file final_35.cif (mmCIF, C-alpha atoms and all ligand atoms)
data_entry
loop_
_atom_site.label_atom_id
_atom_site.label_comp_id
_atom_site.auth_asym_id
_atom_site.auth_seq_id
_atom_site.Cartn_x
_atom_site.Cartn_y
_atom_site.Cartn_z
CA MET A 1 111.31 82.45 97.61
CA VAL A 2 107.66 83.09 98.43
CA GLU A 3 106.70 82.01 101.96
CA LYS A 4 103.09 83.14 102.03
CA GLU A 5 100.70 85.07 99.86
CA GLY A 6 97.10 86.17 100.03
CA TYR A 7 94.65 89.04 100.36
CA LEU A 8 94.46 91.29 103.41
CA GLN A 9 93.10 94.74 104.12
CA LYS A 10 95.98 97.21 104.19
CA ALA A 11 96.36 100.83 105.24
CA LYS A 12 99.66 102.69 105.09
CA ILE A 13 99.62 105.20 107.94
CA ALA A 14 103.14 106.68 107.79
CA ASP A 15 105.78 107.18 105.13
CA GLY A 16 109.33 107.93 106.30
CA GLY A 17 107.95 108.91 109.69
CA LYS A 18 105.37 111.28 108.18
CA LYS A 19 101.78 110.44 109.10
CA LEU A 20 99.43 109.66 106.24
CA ARG A 21 95.66 109.74 106.08
CA LYS A 22 94.38 106.24 106.70
CA ASN A 23 92.89 104.65 103.62
CA TRP A 24 92.02 100.94 103.81
CA SER A 25 92.11 98.87 100.64
CA THR A 26 92.41 95.25 99.66
CA SER A 27 95.95 94.25 98.80
CA TRP A 28 97.53 91.10 97.41
CA ILE A 29 100.41 90.45 99.80
CA VAL A 30 103.50 88.37 99.08
CA LEU A 31 105.88 87.48 101.93
CA SER A 32 109.39 86.25 101.21
CA SER A 33 112.30 85.89 103.64
CA ARG A 34 113.46 89.53 103.59
CA LYS A 35 110.52 91.51 102.33
CA ILE A 36 106.81 91.92 101.84
CA GLU A 37 105.37 93.11 98.56
CA PHE A 38 102.00 94.84 98.46
CA TYR A 39 100.11 94.73 95.19
CA LYS A 40 97.23 97.12 94.73
CA GLU A 41 95.48 94.77 92.37
CA SER A 42 94.50 91.12 92.30
CA LYS A 43 97.17 88.47 91.94
CA GLN A 44 96.18 87.87 88.33
CA GLN A 45 96.41 91.55 87.48
CA ALA A 46 99.67 91.81 89.40
CA LEU A 47 101.17 88.99 87.35
CA SER A 48 100.19 90.60 84.07
CA ASN A 49 101.45 93.97 85.29
CA VAL A 50 104.93 92.48 85.77
CA LYS A 51 105.17 92.59 81.99
CA THR A 52 104.16 96.24 81.83
CA GLY A 53 106.72 97.23 84.46
CA HIS A 54 104.27 98.00 87.30
CA LYS A 55 106.11 97.66 90.60
CA PRO A 56 104.51 96.62 93.88
CA GLU A 57 105.31 98.51 97.07
CA SER A 58 108.19 96.59 98.65
CA VAL A 59 108.81 96.57 102.41
CA ASP A 60 112.23 95.64 103.82
CA LEU A 61 111.75 93.44 106.90
CA CYS A 62 115.31 93.85 108.24
CA GLY A 63 114.99 95.54 111.64
CA ALA A 64 111.22 95.92 111.22
CA HIS A 65 108.76 95.65 114.11
CA ILE A 66 105.41 93.91 114.21
CA GLU A 67 102.80 94.33 116.93
CA TRP A 68 99.08 94.08 117.46
CA ALA A 69 97.50 97.51 117.17
CA LYS A 70 94.05 97.32 118.78
CA GLU A 71 94.07 101.04 119.58
CA LYS A 72 94.88 102.13 115.99
CA SER A 73 91.56 101.13 114.45
CA SER A 74 87.91 100.48 115.12
CA ARG A 75 88.35 97.23 113.16
CA LYS A 76 89.15 93.90 114.76
CA ASN A 77 92.32 91.88 114.10
CA VAL A 78 94.69 94.72 113.21
CA PHE A 79 98.46 94.56 113.46
CA GLN A 80 101.12 97.07 112.52
CA ILE A 81 104.43 96.70 110.75
CA THR A 82 106.97 99.48 111.23
CA THR A 83 110.08 99.56 109.07
CA VAL A 84 113.51 101.00 109.86
CA SER A 85 112.79 103.72 107.29
CA GLY A 86 109.72 104.86 109.25
CA ASN A 87 107.00 103.38 107.09
CA GLU A 88 103.96 102.12 109.01
CA PHE A 89 101.38 99.68 107.68
CA LEU A 90 98.23 98.31 109.26
CA LEU A 91 97.05 94.90 108.11
CA GLN A 92 93.64 93.46 108.90
CA SER A 93 91.31 90.55 108.26
CA ASP A 94 87.93 89.80 109.81
CA ILE A 95 88.86 86.13 109.87
CA ASP A 96 90.79 85.25 113.03
CA PHE A 97 92.91 82.35 111.75
CA ILE A 98 93.91 84.25 108.62
CA ILE A 99 95.26 87.23 110.53
CA LEU A 100 96.96 84.97 113.13
CA ASP A 101 98.71 82.99 110.38
CA TRP A 102 99.94 86.20 108.79
CA PHE A 103 101.08 87.68 112.09
CA HIS A 104 103.16 84.62 112.92
CA ALA A 105 104.57 84.21 109.40
CA ILE A 106 105.75 87.84 109.31
CA LYS A 107 107.02 87.74 112.90
CA ASN A 108 109.03 84.59 112.15
CA ALA A 109 110.52 86.18 109.03
CA ILE A 110 111.54 89.29 111.00
CA ASP A 111 113.00 87.22 113.87
CA ARG A 112 115.17 85.23 111.46
CA LEU A 113 116.74 88.38 109.96
CA PRO A 114 119.65 90.39 111.32
CA LYS A 115 118.40 93.51 113.13
CA ASP A 116 120.42 95.96 110.99
C1 LIG A 201 88.81 107.31 108.17
C2 LIG A 201 88.17 106.01 107.70
C3 LIG A 201 88.91 104.82 108.27
C4 LIG A 201 88.97 104.90 109.79
C5 LIG A 201 89.59 106.21 110.25
C6 LIG A 201 88.87 107.41 109.69
O1 LIG A 201 88.05 108.38 107.69
O2 LIG A 201 86.84 105.95 108.12
O3 LIG A 201 88.27 103.63 107.86
O4 LIG A 201 89.79 103.86 110.24
O5 LIG A 201 89.57 106.23 111.64
O6 LIG A 201 89.54 108.60 110.05
P1 LIG A 201 88.34 109.08 106.27
O7 LIG A 201 87.96 108.08 105.21
O8 LIG A 201 87.48 110.27 106.29
O9 LIG A 201 89.81 109.40 106.24
P2 LIG A 201 89.33 102.46 110.85
O10 LIG A 201 88.42 101.83 109.85
O11 LIG A 201 90.61 101.72 111.01
O12 LIG A 201 88.67 102.74 112.17
P3 LIG A 201 90.72 106.82 112.58
O13 LIG A 201 90.85 108.27 112.24
O14 LIG A 201 90.22 106.57 113.96
O15 LIG A 201 91.98 106.08 112.28
#
call {"tool": "encode", "arguments": {"input": "final_35.cif", "output": "structure tokens", "more": "lines below"}}
Ligand code: I3P
result
Amino acid sequence: MVEKEGYLQKAKIADGGKKLRKNWSTSWIVLSSRKIEFYKESKQQALSNVKTGHKPESVDLCGAHIEWAKEKSSRKNVFQITTVSGNEFLLQSDIDFIILDWFHAIKNAIDRLPKD
């Protein structure tokens, strides 16, 4: 069940604990109770890609951490999600209420889940 969806700026900065070069891009983001899906393309494109078998990047929220990450970027309104598997994502929006809504929606989802 989709809880929230929309566009944010996204940068994946670690994969399985291994640091990655930061590369910001716009992502269509879909939050459901246990996971977040990141689509590289627009929602419309993402929907049509379902048919062609394109898979979004899926992030398991069980045991994940979310925190504001002012020191990780020169941009404003950045928070970080860290998964149990050691993946790290920065999410950002210039618009204060948009990023606050997302922060609280993801934090609530994480807090409702078992920690392991
Ligand atoms: C990075 C790019 C990012 C920037 C990052 C740079 O350079 O400019 O936008 O992050 O800063 O290293 P490149 O494209 O050459 O990899 P922010 O926009 O979040 O500041 P950082 O190294 O301080 O993370």
call {"tool": "residues_near_ligand", "arguments": {"input": "final_35.cif", "ligand": "ligand LIG 201 (chain A)", "cutoff": "9 Å", "atoms": "all atoms listed in the file", "output": "number ranges by chain"}}
result
A: 11, 13, 21-24, 71-76, 78, 90
call {"tool": "write_last_selection", "arguments": {"input": "final_35.cif", "atoms": "C-alpha atoms", "output": "mmCIF file, in the coordinates of the input"}}
result
data_model
loop_
_atom_site.group_PDB
_atom_site.id
_atom_site.type_symbol
_atom_site.label_atom_id
_atom_site.label_comp_id
_atom_site.auth_asym_id
_atom_site.auth_seq_id
_atom_site.Cartn_x
_atom_site.Cartn_y
_atom_site.Cartn_z
ATOM 1 C CA ALA A 11 96.360 100.830 105.240
ATOM 2 C CA ILE A 13 99.620 105.200 107.940
ATOM 3 C CA ARG A 21 95.660 109.740 106.080
ATOM 4 C CA LYS A 22 94.380 106.240 106.700
ATOM 5 C CA ASN A 23 92.890 104.650 103.620
ATOM 6 C CA TRP A 24 92.020 100.940 103.810
ATOM 7 C CA GLU A 71 94.070 101.040 119.580
ATOM 8 C CA LYS A 72 94.880 102.130 115.990
ATOM 9 C CA SER A 73 91.560 101.130 114.450
ATOM 10 C CA SER A 74 87.910 100.480 115.120
ATOM 11 C CA ARG A 75 88.350 97.230 113.160
ATOM 12 C CA LYS A 76 89.150 93.900 114.760
ATOM 13 C CA VAL A 78 94.690 94.720 113.210
ATOM 14 C CA LEU A 90 98.230 98.310 109.260
#
call {"tool": "closest_residue", "arguments": {"input": "final_35.cif", "among": "A:Tyr39, A:Phe97, A:Phe89, A:Phe103", "to": "Gly17 of chain A", "atoms": "all atoms listed in the file"}}
result
A:Phe89
call {"tool": "axis_aligned_box", "arguments": {"input": "final_35.cif", "around": "segment 28-43 of chain A", "padding_each_side": "5 Å", "output": "JSON"}}
result
{"center_x": 104.0, "center_y": 91.5, "center_z": 97.8, "size_x": 29.0, "size_y": 21.2, "size_z": 21.7}
call {"tool": "closest_residue", "arguments": {"input": "final_35.cif", "among": "A:Lys107, A:Lys115, A:Lys10, A:Lys4", "to": "Phe38 of chain A", "atoms": "all atoms listed in the file"}}
result
A:Lys10
call {"tool": "atom_distance", "arguments": {"input": "final_35.cif", "atom1": "atom CA of Arg34 of chain A", "atom2": "atom CA of Asp60 of chain A"}}
result
6.2 Å
call {"tool": "atom_distance", "arguments": {"input": "final_35.cif", "atom1": "atom CA of Ala64 of chain A", "atom2": "atom CA of Ser32 of chain A"}}
result
14.0 Å
call {"tool": "atom_distance", "arguments": {"input": "final_35.cif", "atom1": "atom CA of Lys70 of chain A", "atom2": "atom CA of Ser93 of chain A"}}
result
12.8 Å
call {"tool": "residues_around", "arguments": {"input": "final_35.cif", "residues": "Glu67 of chain A", "least_positions_apart": "3", "cutoff": "7 Å", "atoms": "only C-alpha atoms", "output": "PyMOL selection string"}}
result
chain A and resi 79-81
call {"tool": "residues_around", "arguments": {"input": "final_35.cif", "residues": "Val84 of chain A", "least_positions_apart": "3", "cutoff": "9 Å", "atoms": "all atoms listed in the file", "output": "VMD selection string"}}
result
chain A and resid 16 60 to 65 87 116
call {"tool": "write_last_selection", "arguments": {"input": "final_35.cif", "atoms": "C-alpha atoms", "output": "mmCIF file, in the frame of the given file"}}
result
data_model
loop_
_atom_site.group_PDB
_atom_site.id
_atom_site.type_symbol
_atom_site.label_atom_id
_atom_site.label_comp_id
_atom_site.auth_asym_id
_atom_site.auth_seq_id
_atom_site.Cartn_x
_atom_site.Cartn_y
_atom_site.Cartn_z
ATOM 1 C CA GLY A 16 109.330 107.930 106.300
ATOM 2 C CA ASP A 60 112.230 95.640 103.820
ATOM 3 C CA LEU A 61 111.750 93.440 106.900
ATOM 4 C CA CYS A 62 115.310 93.850 108.240
ATOM 5 C CA GLY A 63 114.990 95.540 111.640
ATOM 6 C CA ALA A 64 111.220 95.920 111.220
ATOM 7 C CA HIS A 65 108.760 95.650 114.110
ATOM 8 C CA ASN A 87 107.000 103.380 107.090
ATOM 9 C CA ASP A 116 120.420 95.960 110.990
#
call {"tool": "closest_residue", "arguments": {"input": "final_35.cif", "among": "A:Val59, A:Ala69, A:Gly6, A:Ser85", "to": "Lys18 of chain A", "atoms": "all atoms listed in the file"}}
result
A:Ser85
call {"tool": "closest_residue", "arguments": {"input": "final_35.cif", "among": "A:Ile29, A:Ala105, A:Ile99, A:Ile66", "to": "Glu41 of chain A", "atoms": "all atoms listed in the file"}}
result
A:Ile29
call {"tool": "closest_residue", "arguments": {"input": "final_35.cif", "among": "A:Thr26, A:Gln9, A:Gln45, A:Thr82", "to": "Ile106 of chain A", "atoms": "all atoms listed in the file"}}
result
A:Thr82
call {"tool": "closest_residue", "arguments": {"input": "final_35.cif", "among": "A:Asp15, A:Glu3, A:Asp94, A:Asp111", "to": "Glu37 of chain A", "atoms": "only C-alpha atoms"}}
result
A:Glu3
